[in-house]
>>> print(open('target38.pdb').read())   # PDB, C-alpha atoms and all ligand atoms
ATOM      1  CA  MET J   1      25.429  50.981   3.053
ATOM      2  CA  LYS J   2      21.939  52.093   2.016
ATOM      3  CA  LYS J   3      20.063  55.036   3.525
ATOM      4  CA  ILE J   4      16.496  54.035   4.343
ATOM      5  CA  GLY J   5      13.350  56.125   4.739
ATOM      6  CA  PHE J   6      10.713  54.296   6.809
ATOM      7  CA  ILE J   7       7.115  55.551   6.749
ATOM      8  CA  GLY J   8       4.548  54.160   9.234
ATOM      9  CA  LEU J   9       5.987  53.420  12.671
ATOM     10  CA  GLY J  10       3.014  51.654  14.282
ATOM     11  CA  ASN J  11       2.819  48.179  15.828
ATOM     12  CA  MET J  12       4.692  46.517  12.970
ATOM     13  CA  GLY J  13       6.835  49.330  11.530
ATOM     14  CA  SER J  14       8.391  50.333  14.858
ATOM     15  CA  LYS J  15       9.669  46.773  15.460
ATOM     16  CA  MET J  16      10.984  46.409  11.909
ATOM     17  CA  VAL J  17      12.850  49.707  12.214
ATOM     18  CA  ILE J  18      14.517  48.640  15.465
ATOM     19  CA  ASN J  19      15.955  45.582  13.688
ATOM     20  CA  LEU J  20      17.265  47.746  10.836
ATOM     21  CA  LEU J  21      18.891  50.098  13.345
ATOM     22  CA  LYS J  22      20.423  47.154  15.241
ATOM     23  CA  ALA J  23      22.011  46.080  11.951
ATOM     24  CA  ASN J  24      23.568  49.585  11.691
ATOM     25  CA  TYR J  25      21.450  50.869   8.812
ATOM     26  CA  GLU J  26      20.843  54.599   8.693
ATOM     27  CA  VAL J  27      17.068  55.071   8.980
ATOM     28  CA  VAL J  28      15.059  58.274   8.676
ATOM     29  CA  GLY J  29      11.536  57.710  10.031
ATOM     30  CA  TYR J  30       8.202  59.420   9.526
ATOM     31  CA  ASP J  31       4.744  58.865  10.982
ATOM     32  CA  ILE J  32       1.790  61.251  11.258
ATOM     33  CA  ASN J  33       1.896  60.410  14.957
ATOM     34  CA  GLU J  34       5.075  62.278  15.924
ATOM     35  CA  LYS J  35       5.284  60.545  19.331
ATOM     36  CA  LEU J  36       5.976  57.238  17.601
ATOM     37  CA  ILE J  37       9.074  58.700  15.922
ATOM     38  CA  ASP J  38      10.282  60.288  19.165
ATOM     39  CA  GLN J  39      10.050  56.927  20.960
ATOM     40  CA  LEU J  40      12.550  55.492  18.463
ATOM     41  CA  ILE J  41      15.134  58.286  18.750
ATOM     42  CA  PRO J  42      17.021  56.458  21.569
ATOM     43  CA  ASN J  43      17.304  53.493  19.175
ATOM     44  CA  GLY J  44      19.058  55.738  16.660
ATOM     45  CA  ILE J  45      16.316  56.721  14.185
ATOM     46  CA  LYS J  46      16.653  60.121  12.493
ATOM     47  CA  LYS J  47      13.441  62.080  12.688
ATOM     48  CA  ALA J  48      11.652  63.476   9.641
ATOM     49  CA  SER J  49       8.969  65.976  10.614
ATOM     50  CA  SER J  50       7.300  65.737   7.213
ATOM     51  CA  LEU J  51       7.335  63.555   4.116
ATOM     52  CA  LYS J  52       9.393  66.279   2.402
ATOM     53  CA  GLU J  53      12.163  65.723   4.922
ATOM     54  CA  ILE J  54      12.334  62.000   4.344
ATOM     55  CA  ILE J  55      13.237  62.068   0.674
ATOM     56  CA  ASN J  56      16.673  63.711   0.811
ATOM     57  CA  ASP J  57      19.336  61.411  -0.583
ATOM     58  CA  ILE J  58      17.358  58.244   0.216
ATOM     59  CA  ASP J  59      18.116  54.882  -1.467
ATOM     60  CA  VAL J  60      15.172  52.840  -0.180
ATOM     61  CA  ILE J  61      11.711  53.828   1.059
ATOM     62  CA  ILE J  62       9.816  51.246   3.145
ATOM     63  CA  THR J  63       6.122  51.825   3.918
ATOM     64  CA  MET J  64       4.146  49.993   6.634
ATOM     65  CA  LEU J  65       0.771  51.724   6.544
ATOM     66  CA  PRO J  66      -2.861  50.847   7.365
ATOM     67  CA  ASN J  67      -4.297  50.531   3.817
ATOM     68  CA  GLY J  68      -3.884  51.085   0.083
ATOM     69  CA  GLU J  69      -5.488  54.552  -0.004
ATOM     70  CA  ILE J  70      -2.967  55.842   2.524
ATOM     71  CA  VAL J  71      -0.046  54.198   0.713
ATOM     72  CA  GLU J  72      -1.197  55.862  -2.536
ATOM     73  CA  LYS J  73      -1.463  59.269  -0.827
ATOM     74  CA  VAL J  74       2.049  58.912   0.580
ATOM     75  CA  TYR J  75       3.474  57.797  -2.792
ATOM     76  CA  GLU J  76       1.749  60.797  -4.490
ATOM     77  CA  SER J  77       3.529  63.173  -2.105
ATOM     78  CA  ILE J  78       7.041  61.818  -2.657
ATOM     79  CA  ILE J  79       7.199  60.118  -6.019
ATOM     80  CA  ASN J  80       8.153  63.212  -8.054
ATOM     81  CA  LYS J  81      10.994  64.108  -5.731
ATOM     82  CA  LEU J  82      12.954  60.870  -5.421
ATOM     83  CA  LYS J  83      16.177  60.279  -7.358
ATOM     84  CA  PRO J  84      15.928  57.745 -10.248
ATOM     85  CA  ASN J  85      16.239  54.079  -9.238
ATOM     86  CA  THR J  86      15.206  54.717  -5.637
ATOM     87  CA  LEU J  87      13.553  51.506  -4.421
ATOM     88  CA  LEU J  88      10.070  51.744  -2.901
ATOM     89  CA  THR J  89       9.064  48.648  -0.908
ATOM     90  CA  ASP J  90       5.523  48.573   0.423
ATOM     91  CA  CYS J  91       5.156  46.053   3.266
ATOM     92  CA  SER J  92       1.554  47.064   4.082
ATOM     93  CA  THR J  93      -1.297  44.695   3.261
ATOM     94  CA  ILE J  94      -3.231  46.356   0.425
ATOM     95  CA  ASP J  95      -5.459  45.197  -2.422
ATOM     96  CA  VAL J  96      -3.948  43.562  -5.476
ATOM     97  CA  ASP J  97      -5.210  46.164  -7.972
ATOM     98  CA  LYS J  98      -3.880  49.081  -5.949
ATOM     99  CA  ALA J  99      -0.492  47.344  -5.734
ATOM    100  CA  LYS J 100      -0.450  46.970  -9.551
ATOM    101  CA  PHE J 101      -1.373  50.635  -9.972
ATOM    102  CA  LEU J 102       1.412  51.768  -7.625
ATOM    103  CA  HIS J 103       4.015  49.661  -9.440
ATOM    104  CA  LYS J 104       2.990  51.297 -12.741
ATOM    105  CA  LYS J 105       3.295  54.749 -11.197
ATOM    106  CA  CYS J 106       6.791  53.997  -9.892
ATOM    107  CA  ASN J 107       7.810  52.561 -13.216
ATOM    108  CA  LYS J 108       6.741  55.771 -15.007
ATOM    109  CA  HIS J 109       8.968  57.778 -12.678
ATOM    110  CA  ASN J 110      11.996  55.483 -13.187
ATOM    111  CA  LEU J 111      11.738  54.151  -9.655
ATOM    112  CA  LEU J 112      12.116  50.520  -8.576
ATOM    113  CA  SER J 113       9.226  49.006  -6.623
ATOM    114  CA  LEU J 114       8.208  45.924  -4.661
ATOM    115  CA  ASP J 115       5.011  44.877  -2.913
ATOM    116  CA  ALA J 116       6.142  42.867   0.112
ATOM    117  CA  PRO J 117       3.364  42.167   2.632
ATOM    118  CA  VAL J 118       4.312  40.091   5.641
ATOM    119  CA  SER J 119       3.139  37.171   7.702
ATOM    120  CA  GLY J 120       4.199  36.688  11.319
ATOM    121  CA  GLY J 121       2.530  39.590  13.123
ATOM    122  CA  VAL J 122       3.979  41.860  15.778
ATOM    123  CA  VAL J 123       5.903  39.009  17.439
ATOM    124  CA  GLY J 124       7.498  38.135  14.096
ATOM    125  CA  ALA J 125       8.378  41.801  13.507
ATOM    126  CA  GLU J 126      10.046  41.950  16.910
ATOM    127  CA  ASN J 127      11.872  38.602  16.685
ATOM    128  CA  ARG J 128      12.928  38.929  13.025
ATOM    129  CA  THR J 129      10.799  35.951  12.018
ATOM    130  CA  LEU J 130       8.626  37.684   9.430
ATOM    131  CA  THR J 131       7.989  36.074   6.063
ATOM    132  CA  PHE J 132       7.937  38.554   3.160
ATOM    133  CA  MET J 133       5.748  37.679   0.151
ATOM    134  CA  VAL J 134       7.222  39.719  -2.640
ATOM    135  CA  GLY J 135       6.100  40.945  -6.053
ATOM    136  CA  GLY J 136       8.333  42.821  -8.489
ATOM    137  CA  SER J 137      11.472  42.497 -10.589
ATOM    138  CA  ASP J 138      14.509  40.334  -9.824
ATOM    139  CA  GLU J 139      16.628  43.509  -9.782
ATOM    140  CA  ALA J 140      14.492  45.180  -7.094
ATOM    141  CA  TYR J 141      14.218  41.960  -5.052
ATOM    142  CA  ASN J 142      17.994  41.412  -5.040
ATOM    143  CA  LEU J 143      18.567  44.998  -3.875
ATOM    144  CA  MET J 144      16.075  44.542  -1.040
ATOM    145  CA  LEU J 145      17.133  41.038   0.002
ATOM    146  CA  PRO J 146      19.730  42.099   2.647
ATOM    147  CA  LEU J 147      17.049  44.260   4.302
ATOM    148  CA  PHE J 148      14.447  41.454   4.207
ATOM    149  CA  ASN J 149      17.053  39.257   5.895
ATOM    150  CA  VAL J 150      17.480  41.808   8.684
ATOM    151  CA  MET J 151      13.719  42.215   9.291
ATOM    152  CA  GLY J 152      12.643  38.598   8.824
ATOM    153  CA  ASN J 153      13.832  35.046   8.244
ATOM    154  CA  LYS J 154      12.174  34.265   4.928
ATOM    155  CA  SER J 155      11.320  36.084   1.719
ATOM    156  CA  VAL J 156       9.890  34.619  -1.462
ATOM    157  CA  LEU J 157       9.778  36.452  -4.781
ATOM    158  CA  CYS J 158       6.322  35.219  -5.818
ATOM    159  CA  GLY J 159       6.344  36.796  -9.288
ATOM    160  CA  SER J 160       6.014  40.187 -10.948
ATOM    161  CA  HIS J 161       4.182  43.267  -9.620
ATOM    162  CA  SER J 162       1.395  42.589  -7.036
ATOM    163  CA  SER J 163       2.228  38.857  -6.693
ATOM    164  CA  GLY J 164       3.141  39.409  -3.040
ATOM    165  CA  GLN J 165      -0.287  40.880  -2.289
ATOM    166  CA  ALA J 166      -1.886  38.014  -4.246
ATOM    167  CA  ALA J 167      -0.062  35.440  -2.077
ATOM    168  CA  LYS J 168      -1.000  37.321   1.091
ATOM    169  CA  ALA J 169      -4.710  37.359   0.094
ATOM    170  CA  CYS J 170      -4.619  33.566  -0.490
ATOM    171  CA  ASN J 171      -2.765  32.953   2.796
ATOM    172  CA  ASN J 172      -5.100  34.969   4.983
ATOM    173  CA  MET J 173      -8.277  33.687   3.324
ATOM    174  CA  LEU J 174      -7.110  30.142   4.074
ATOM    175  CA  LEU J 175      -6.115  31.083   7.624
ATOM    176  CA  ALA J 176      -9.616  32.495   8.272
ATOM    177  CA  ILE J 177     -11.255  29.366   6.874
ATOM    178  CA  THR J 178      -9.075  26.958   8.864
ATOM    179  CA  MET J 179      -9.595  28.902  12.108
ATOM    180  CA  ILE J 180     -13.383  28.774  11.634
ATOM    181  CA  GLY J 181     -13.131  25.039  10.887
ATOM    182  CA  VAL J 182     -10.993  24.398  13.970
ATOM    183  CA  GLY J 183     -13.564  26.214  16.120
ATOM    184  CA  GLU J 184     -16.371  24.114  14.646
ATOM    185  CA  ALA J 185     -14.488  20.865  15.288
ATOM    186  CA  PHE J 186     -13.800  21.749  18.946
ATOM    187  CA  ASN J 187     -17.401  22.898  19.477
ATOM    188  CA  LEU J 188     -18.680  19.617  18.009
ATOM    189  CA  GLY J 189     -16.231  17.662  20.185
ATOM    190  CA  SER J 190     -17.451  19.508  23.266
ATOM    191  CA  ASN J 191     -21.115  18.846  22.399
ATOM    192  CA  LEU J 192     -20.239  15.150  21.986
ATOM    193  CA  GLY J 193     -18.655  15.118  25.455
ATOM    194  CA  LEU J 194     -14.997  14.983  24.326
ATOM    195  CA  ASP J 195     -12.223  16.471  26.466
ATOM    196  CA  ALA J 196     -10.609  19.362  24.534
ATOM    197  CA  ASN J 197      -7.037  18.337  25.467
ATOM    198  CA  LYS J 198      -7.630  14.764  24.257
ATOM    199  CA  LEU J 199      -9.122  16.091  21.031
ATOM    200  CA  PHE J 200      -6.094  18.403  20.611
ATOM    201  CA  GLN J 201      -3.764  15.391  21.009
ATOM    202  CA  ILE J 202      -5.522  13.728  18.091
ATOM    203  CA  LEU J 203      -6.136  16.690  15.786
ATOM    204  CA  SER J 204      -2.641  18.181  16.152
ATOM    205  CA  THR J 205      -0.989  14.990  14.878
ATOM    206  CA  SER J 206      -3.689  13.594  12.594
ATOM    207  CA  SER J 207      -4.598  14.320   8.988
ATOM    208  CA  ALA J 208      -6.566  17.363  10.231
ATOM    209  CA  SER J 209      -3.546  19.083  11.777
ATOM    210  CA  CYS J 210      -2.872  22.645  10.672
ATOM    211  CA  TRP J 211      -1.274  25.863  11.974
ATOM    212  CA  SER J 212      -4.563  27.053  13.534
ATOM    213  CA  ILE J 213      -4.664  23.924  15.720
ATOM    214  CA  ASN J 214      -0.981  23.241  16.314
ATOM    215  CA  ASN J 215       0.294  26.777  16.973
ATOM    216  CA  TYR J 216      -2.762  28.887  17.760
ATOM    217  CA  CYS J 217      -5.423  26.638  19.278
ATOM    218  CA  PRO J 218      -8.448  28.839  20.086
ATOM    219  CA  ILE J 219      -9.229  27.148  23.428
ATOM    220  CA  GLU J 220      -7.847  28.157  26.833
ATOM    221  CA  ASN J 221      -5.235  25.769  28.306
ATOM    222  CA  VAL J 222      -5.098  23.672  25.154
ATOM    223  CA  GLY J 223      -1.948  23.552  23.021
ATOM    224  CA  PRO J 224       0.898  26.107  23.122
ATOM    225  CA  LYS J 225       0.181  29.547  24.644
ATOM    226  CA  SER J 226      -2.119  31.542  22.369
ATOM    227  CA  PRO J 227      -4.521  34.520  22.662
ATOM    228  CA  ALA J 228      -7.165  32.074  23.991
ATOM    229  CA  ASP J 229      -5.037  31.916  27.170
ATOM    230  CA  ASN J 230      -5.253  35.691  27.506
ATOM    231  CA  ASN J 231      -8.967  36.437  27.040
ATOM    232  CA  TYR J 232      -8.424  36.628  23.282
ATOM    233  CA  GLN J 233      -6.326  39.794  23.437
ATOM    234  CA  PRO J 234      -4.623  40.096  20.017
ATOM    235  CA  GLY J 235      -2.395  38.744  18.437
ATOM    236  CA  PHE J 236      -4.059  39.497  15.178
ATOM    237  CA  SER J 237      -7.386  41.250  15.615
ATOM    238  CA  ALA J 238     -10.663  40.262  13.951
ATOM    239  CA  ASN J 239     -10.755  43.789  12.473
ATOM    240  CA  LEU J 240      -7.446  43.161  10.638
ATOM    241  CA  MET J 241      -8.688  39.751   9.500
ATOM    242  CA  LEU J 242     -11.821  41.339   8.036
ATOM    243  CA  LYS J 243      -9.643  43.878   6.214
ATOM    244  CA  ASP J 244      -7.660  41.009   4.640
ATOM    245  CA  LEU J 245     -10.821  39.037   3.778
ATOM    246  CA  THR J 246     -12.249  42.136   2.082
ATOM    247  CA  ILE J 247      -9.097  42.271  -0.067
ATOM    248  CA  ALA J 248      -9.409  38.527  -0.797
ATOM    249  CA  LEU J 249     -13.075  38.894  -1.731
ATOM    250  CA  GLU J 250     -12.304  41.710  -4.163
ATOM    251  CA  ALA J 251      -9.727  39.419  -5.790
ATOM    252  CA  ILE J 252     -12.273  36.550  -5.851
ATOM    253  CA  GLU J 253     -14.786  38.815  -7.644
ATOM    254  CA  ASN J 254     -12.233  40.236 -10.092
ATOM    255  CA  THR J 255     -10.935  36.805 -11.064
ATOM    256  CA  LYS J 256     -14.375  35.112 -10.969
ATOM    257  CA  THR J 257     -12.938  32.446  -8.655
ATOM    258  CA  SER J 258     -15.404  30.084  -7.035
ATOM    259  CA  ALA J 259     -14.599  30.449  -3.329
ATOM    260  CA  PRO J 260     -17.751  29.875  -1.241
ATOM    261  CA  PHE J 261     -15.768  29.230   1.957
ATOM    262  CA  GLY J 262     -13.812  32.478   1.570
ATOM    263  CA  ARG J 263     -17.101  34.373   1.141
ATOM    264  CA  LYS J 264     -18.632  32.651   4.163
ATOM    265  CA  ALA J 265     -15.535  33.344   6.269
ATOM    266  CA  LYS J 266     -15.931  37.059   5.539
ATOM    267  CA  GLU J 267     -19.601  36.920   6.636
ATOM    268  CA  ASN J 268     -18.623  35.208   9.903
ATOM    269  CA  PHE J 269     -16.024  37.845  10.732
ATOM    270  CA  GLU J 270     -18.485  40.623   9.812
ATOM    271  CA  ALA J 271     -20.973  39.117  12.288
ATOM    272  CA  MET J 272     -18.289  39.021  14.995
ATOM    273  CA  ILE J 273     -17.324  42.651  14.353
ATOM    274  CA  ASN J 274     -20.974  43.799  14.255
ATOM    275  CA  ASN J 275     -21.165  42.314  17.739
ATOM    276  CA  GLU J 276     -18.484  44.838  18.729
ATOM    277  CA  LYS J 277     -15.854  42.118  19.132
ATOM    278  CA  GLY J 278     -13.536  43.329  16.358
ATOM    279  CA  ASP J 279     -10.765  44.221  18.793
ATOM    280  CA  LEU J 280     -10.519  40.624  20.002
ATOM    281  CA  ASP J 281      -8.080  38.194  18.443
ATOM    282  CA  PHE J 282      -9.454  36.560  15.290
ATOM    283  CA  SER J 283      -9.322  33.121  16.993
ATOM    284  CA  ALA J 284     -12.266  34.261  19.188
ATOM    285  CA  ILE J 285     -14.362  33.451  16.089
ATOM    286  CA  ILE J 286     -14.826  30.061  17.821
ATOM    287  CA  ASN J 287     -17.421  31.742  20.031
ATOM    288  CA  PHE J 288     -19.371  32.992  17.000
ATOM    289  CA  ASN J 289     -19.584  29.569  15.353
ATOM    290  CA  LYS J 290     -21.938  28.224  17.968
TER     291      LYS J 290
HETATM  292  P1  LIG L 301      -0.680  50.436  12.898
HETATM  293  O1  LIG L 301      -1.996  51.132  12.781
HETATM  294  O2  LIG L 301      -0.171  50.079  14.249
HETATM  295  O3  LIG L 301       0.458  51.329  12.168
HETATM  296  C1  LIG L 301       0.240  52.097  11.030
HETATM  297  C2  LIG L 301       0.959  53.429  11.226
HETATM  298  O4  LIG L 301       0.808  54.225  10.063
HETATM  299  C3  LIG L 301       0.407  54.247  12.398
HETATM  300  O5  LIG L 301       1.435  54.520  13.318
HETATM  301  C4  LIG L 301      -0.124  55.521  11.737
HETATM  302  O6  LIG L 301       0.031  56.688  12.542
HETATM  303  C5  LIG L 301       0.728  55.587  10.483
HETATM  304  N1  LIG L 301       0.146  56.387   9.421
HETATM  305  C6  LIG L 301      -1.151  56.453   9.009
HETATM  306  N2  LIG L 301      -1.285  57.317   7.986
HETATM  307  C7  LIG L 301      -0.040  57.803   7.739
HETATM  308  C8  LIG L 301       0.470  58.736   6.797
HETATM  309  N3  LIG L 301      -0.321  59.339   5.899
HETATM  310  N4  LIG L 301       1.802  59.014   6.823
HETATM  311  C9  LIG L 301       2.621  58.411   7.743
HETATM  312  N5  LIG L 301       2.181  57.537   8.662
HETATM  313  C10 LIG L 301       0.872  57.246   8.663
HETATM  314  O7  LIG L 301      -0.785  49.153  11.969
HETATM  315  P2  LIG L 301       0.159  47.847  11.979
HETATM  316  O8  LIG L 301      -0.449  46.820  12.854
HETATM  317  O9  LIG L 301       1.568  48.282  12.173
HETATM  318  O10 LIG L 301      -0.051  47.336  10.475
HETATM  319  C11 LIG L 301       0.588  47.962   9.367
HETATM  320  C12 LIG L 301       0.309  47.137   8.125
HETATM  321  O11 LIG L 301       0.790  45.801   8.334
HETATM  322  C13 LIG L 301      -1.178  47.011   7.772
HETATM  323  O12 LIG L 301      -1.318  47.096   6.387
HETATM  324  C14 LIG L 301      -1.555  45.624   8.313
HETATM  325  O13 LIG L 301      -2.636  45.044   7.607
HETATM  326  C15 LIG L 301      -0.262  44.863   8.073
HETATM  327  N6  LIG L 301      -0.069  43.698   8.961
HETATM  328  C16 LIG L 301      -0.283  43.813  10.303
HETATM  329  C17 LIG L 301      -0.091  42.700  11.109
HETATM  330  C18 LIG L 301      -0.323  42.780  12.609
HETATM  331  O14 LIG L 301      -0.338  41.738  13.273
HETATM  332  N7  LIG L 301      -0.467  43.971  13.189
HETATM  333  C19 LIG L 301       0.323  41.481  10.558
HETATM  334  C20 LIG L 301       0.576  41.403   9.185
HETATM  335  C21 LIG L 301       0.366  42.538   8.392
END
>>> encode(input="target38.pdb", output="structure tokens")
Amino acid sequence: MKKIGFIGLGNMGSKMVINLLKANYEVVGYDINEKLIDQLIPNGIKKASSLKEIINDIDVIITMLPNGEIVEKVYESIINKLKPNTLLTDCSTIDVDKAKFLHKKCNKHNLLSLDAPVSGGVVGAENRTLTFMVGGSDEAYNLMLPLFNVMGNKSVLCGSHSSGQAAKACNNMLLAITMIGVGEAFNLGSNLGLDANKLFQILSTSSASCWSINNYCPIENVGPKSPADNNYQPGFSANLMLKDLTIALEAIENTKTSAPFGRKAKENFEAMINNEKGDLDFSAIINFNK
């Protein structure tokens, strides 16, 4: 049985840890916000009061942190002290270049590494329905697979180092674009006098159907329950979507990809956030399309 160090016990990390503990893994947890560790003690987490305390005799380190700069800082503090072949799995969403850089660093120190960002949000973290998009070696992936299976219901090894972050950037850019498009279609329907529920019946089963319509329709009382039925409380906030679009745009620039819709999507979310609506669910973008 592996001993796991888990760093970053926020909205996502805390739920992922609970599932590891339920599966009887030994988990030592650390977060700069000590209260978040204390809340998990009844679930069986062992508390580390500093990063130094988390590294003793650990087989796997999992990070679930806000951004790449913080992940790098954390890696810098622990990387020299881990035993060879310790596996570091970063589940945070970070930029592709930073992920590559961190893999190289781990490699130099004889450590195994994976980038493994997730899709599925807080509900997926709680219900073990996360999808892990993974980059790294077969050896590291196979070691991590039992833990992915405890925290989620799907993992795909997308390729070598940083491929997971690459897949995540593509996924969330497309999600932003489709959600903006869905908003535009419903706004047009409304201006043409169409009933939103009738339009949903068509769009959700027609050639235009997509996840943003079928599972997350941005209109109150239309389709399955979604943040639109709860005043657009997240869910997945517009602020987090802008973070992911910023990562996608950097990748677009670096690879000289023509992606005018991805660029425009970022502008739309910037406008929403400049209107101080960044804490709303990203589906509230429908109200900024008008
Ligand atoms: P969060 O802000 O709730 O949690 C991050 C945690 O990291 C916080 O508890 C914070 O105290 C801790 N932290 C910050 N700096 C630290 C440090 N130096 N050492 C230790 N702990 C530190 O964020 P979240 O919603 O859990 O998201 C985590 C990651 O998952 C992000 O990269 C996000 O983009 C990604 N993600 C989030 C969602 C979502 O729906 N929330 C969905 C998919 C992916």
>>> closest_atom_pairs(input="target38.pdb", of="chain J", to="ligand LIG 301 (chain L)", cutoff="7 Å", atoms="only C-alpha atoms and all ligand atoms", output="JSON lines")
{"residue": "J:Ile7", "atom": "CA", "partner": "L:LIG301", "partner_atom": "C9", "distance": 5.4}
{"residue": "J:Gly8", "atom": "CA", "partner": "L:LIG301", "partner_atom": "O4", "distance": 3.8}
{"residue": "J:Leu9", "atom": "CA", "partner": "L:LIG301", "partner_atom": "O5", "distance": 4.7}
{"residue": "J:Gly10", "atom": "CA", "partner": "L:LIG301", "partner_atom": "O3", "distance": 3.3}
{"residue": "J:Asn11", "atom": "CA", "partner": "L:LIG301", "partner_atom": "O9", "distance": 3.9}
{"residue": "J:Met12", "atom": "CA", "partner": "L:LIG301", "partner_atom": "O9", "distance": 3.7}
{"residue": "J:Gly13", "atom": "CA", "partner": "L:LIG301", "partner_atom": "O9", "distance": 5.4}
{"residue": "J:Tyr30", "atom": "CA", "partner": "L:LIG301", "partner_atom": "C9", "distance": 5.9}
{"residue": "J:Asp31", "atom": "CA", "partner": "L:LIG301", "partner_atom": "N5", "distance": 3.7}
{"residue": "J:Ile32", "atom": "CA", "partner": "L:LIG301", "partner_atom": "N5", "distance": 4.5}
{"residue": "J:Asn33", "atom": "CA", "partner": "L:LIG301", "partner_atom": "O6", "distance": 4.8}
{"residue": "J:Leu36", "atom": "CA", "partner": "L:LIG301", "partner_atom": "O5", "distance": 6.8}
{"residue": "J:Met64", "atom": "CA", "partner": "L:LIG301", "partner_atom": "C11", "distance": 4.9}
{"residue": "J:Leu65", "atom": "CA", "partner": "L:LIG301", "partner_atom": "O4", "distance": 4.3}
{"residue": "J:Pro66", "atom": "CA", "partner": "L:LIG301", "partner_atom": "O12", "distance": 4.2}
{"residue": "J:Asn67", "atom": "CA", "partner": "L:LIG301", "partner_atom": "O12", "distance": 5.2}
{"residue": "J:Ile70", "atom": "CA", "partner": "L:LIG301", "partner_atom": "N3", "distance": 5.5}
{"residue": "J:Lys73", "atom": "CA", "partner": "L:LIG301", "partner_atom": "N3", "distance": 6.8}
{"residue": "J:Val74", "atom": "CA", "partner": "L:LIG301", "partner_atom": "N3", "distance": 5.8}
{"residue": "J:Cys91", "atom": "CA", "partner": "L:LIG301", "partner_atom": "O11", "distance": 6.7}
{"residue": "J:Ser92", "atom": "CA", "partner": "L:LIG301", "partner_atom": "O12", "distance": 3.7}
{"residue": "J:Thr93", "atom": "CA", "partner": "L:LIG301", "partner_atom": "O12", "distance": 3.9}
{"residue": "J:Ile94", "atom": "CA", "partner": "L:LIG301", "partner_atom": "O12", "distance": 6.3}
{"residue": "J:Pro117", "atom": "CA", "partner": "L:LIG301", "partner_atom": "C21", "distance": 6.5}
{"residue": "J:Val118", "atom": "CA", "partner": "L:LIG301", "partner_atom": "C20", "distance": 5.3}
{"residue": "J:Ser119", "atom": "CA", "partner": "L:LIG301", "partner_atom": "C20", "distance": 5.2}
{"residue": "J:Gly120", "atom": "CA", "partner": "L:LIG301", "partner_atom": "C19", "distance": 6.2}
{"residue": "J:Gly121", "atom": "CA", "partner": "L:LIG301", "partner_atom": "O14", "distance": 3.6}
{"residue": "J:Val122", "atom": "CA", "partner": "L:LIG301", "partner_atom": "O14", "distance": 5.0}
{"residue": "J:Gly235", "atom": "CA", "partner": "L:LIG301", "partner_atom": "O14", "distance": 6.3}
{"residue": "J:Phe236", "atom": "CA", "partner": "L:LIG301", "partner_atom": "O14", "distance": 4.7}
{"residue": "J:Leu240", "atom": "CA", "partner": "L:LIG301", "partner_atom": "O13", "distance": 6.0}
>>> write_last_selection(input="target38.pdb", atoms="C-alpha atoms", output="CSV table (one decimal), keeping the file's coordinate frame")
chain,number,residue,atom,x,y,z
J,7,ILE,CA,7.1,55.6,6.7
J,8,GLY,CA,4.5,54.2,9.2
J,9,LEU,CA,6.0,53.4,12.7
J,10,GLY,CA,3.0,51.7,14.3
J,11,ASN,CA,2.8,48.2,15.8
J,12,MET,CA,4.7,46.5,13.0
J,13,GLY,CA,6.8,49.3,11.5
J,30,TYR,CA,8.2,59.4,9.5
J,31,ASP,CA,4.7,58.9,11.0
J,32,ILE,CA,1.8,61.3,11.3
J,33,ASN,CA,1.9,60.4,15.0
J,36,LEU,CA,6.0,57.2,17.6
J,64,MET,CA,4.1,50.0,6.6
J,65,LEU,CA,0.8,51.7,6.5
J,66,PRO,CA,-2.9,50.8,7.4
J,67,ASN,CA,-4.3,50.5,3.8
J,70,ILE,CA,-3.0,55.8,2.5
J,73,LYS,CA,-1.5,59.3,-0.8
J,74,VAL,CA,2.0,58.9,0.6
J,91,CYS,CA,5.2,46.1,3.3
J,92,SER,CA,1.6,47.1,4.1
J,93,THR,CA,-1.3,44.7,3.3
J,94,ILE,CA,-3.2,46.4,0.4
J,117,PRO,CA,3.4,42.2,2.6
J,118,VAL,CA,4.3,40.1,5.6
J,119,SER,CA,3.1,37.2,7.7
J,120,GLY,CA,4.2,36.7,11.3
J,121,GLY,CA,2.5,39.6,13.1
J,122,VAL,CA,4.0,41.9,15.8
J,235,GLY,CA,-2.4,38.7,18.4
J,236,PHE,CA,-4.1,39.5,15.2
J,240,LEU,CA,-7.4,43.2,10.6
>>> residues_around(input="target38.pdb", residues="region 272-284 of chain J", least_positions_apart="6", cutoff="6 Å", atoms="all atoms listed in the file", output="NGL selection string")
:J and (218 or 232-239)
>>> atom_distance(input="target38.pdb", atom1="CA of Lys198 (chain J)", atom2="CA of Val182 (chain J)")
14.5 Å
>>> closest_residue(input="target38.pdb", among="J:Asn56, J:Ser14, J:Asn287, J:Asn142", to="Ile37 (chain J)", atoms="all atoms listed in the file")
J:Ser14
>>> atom_distance(input="target38.pdb", atom1="CA of Leu174 (chain J)", atom2="CA of Gly262 (chain J)")
7.5 Å
>>> closest_residue(input="target38.pdb", among="J:Val71, J:Ala99, J:Ile202, J:Met179", to="Ile286 (chain J)", atoms="all atoms listed in the file")
J:Met179
>>> resolve_selection(input="target38.pdb", expression="the PyMOL selection byres (((chain J and resi 83) around 8) and not hetatm)", output="list in words")
Asp57, Ile58, Lys81, Leu82, Pro84, Asn85, Thr86 and Leu111 of chain J
>>> resolve_selection(input="target38.pdb", expression="the PyMOL selection byres (((chain J and resi 197) around 12) and not hetatm)", output="ChimeraX atom specification")
/J:186,189-190,194-196,198-204,213,217-224
>>> atom_distance(input="target38.pdb", atom1="CA of Gly136 (chain J)", atom2="CA of Asp115 (chain J)")
6.8 Å
>>> resolve_selection(input="target38.pdb", expression="the PyMOL selection byres (((chain J and resi 133) around 10) and not hetatm)", output="VMD selection string")
chain J and resid 91 114 to 119 130 to 132 134 to 135 154 to 159 162 to 168
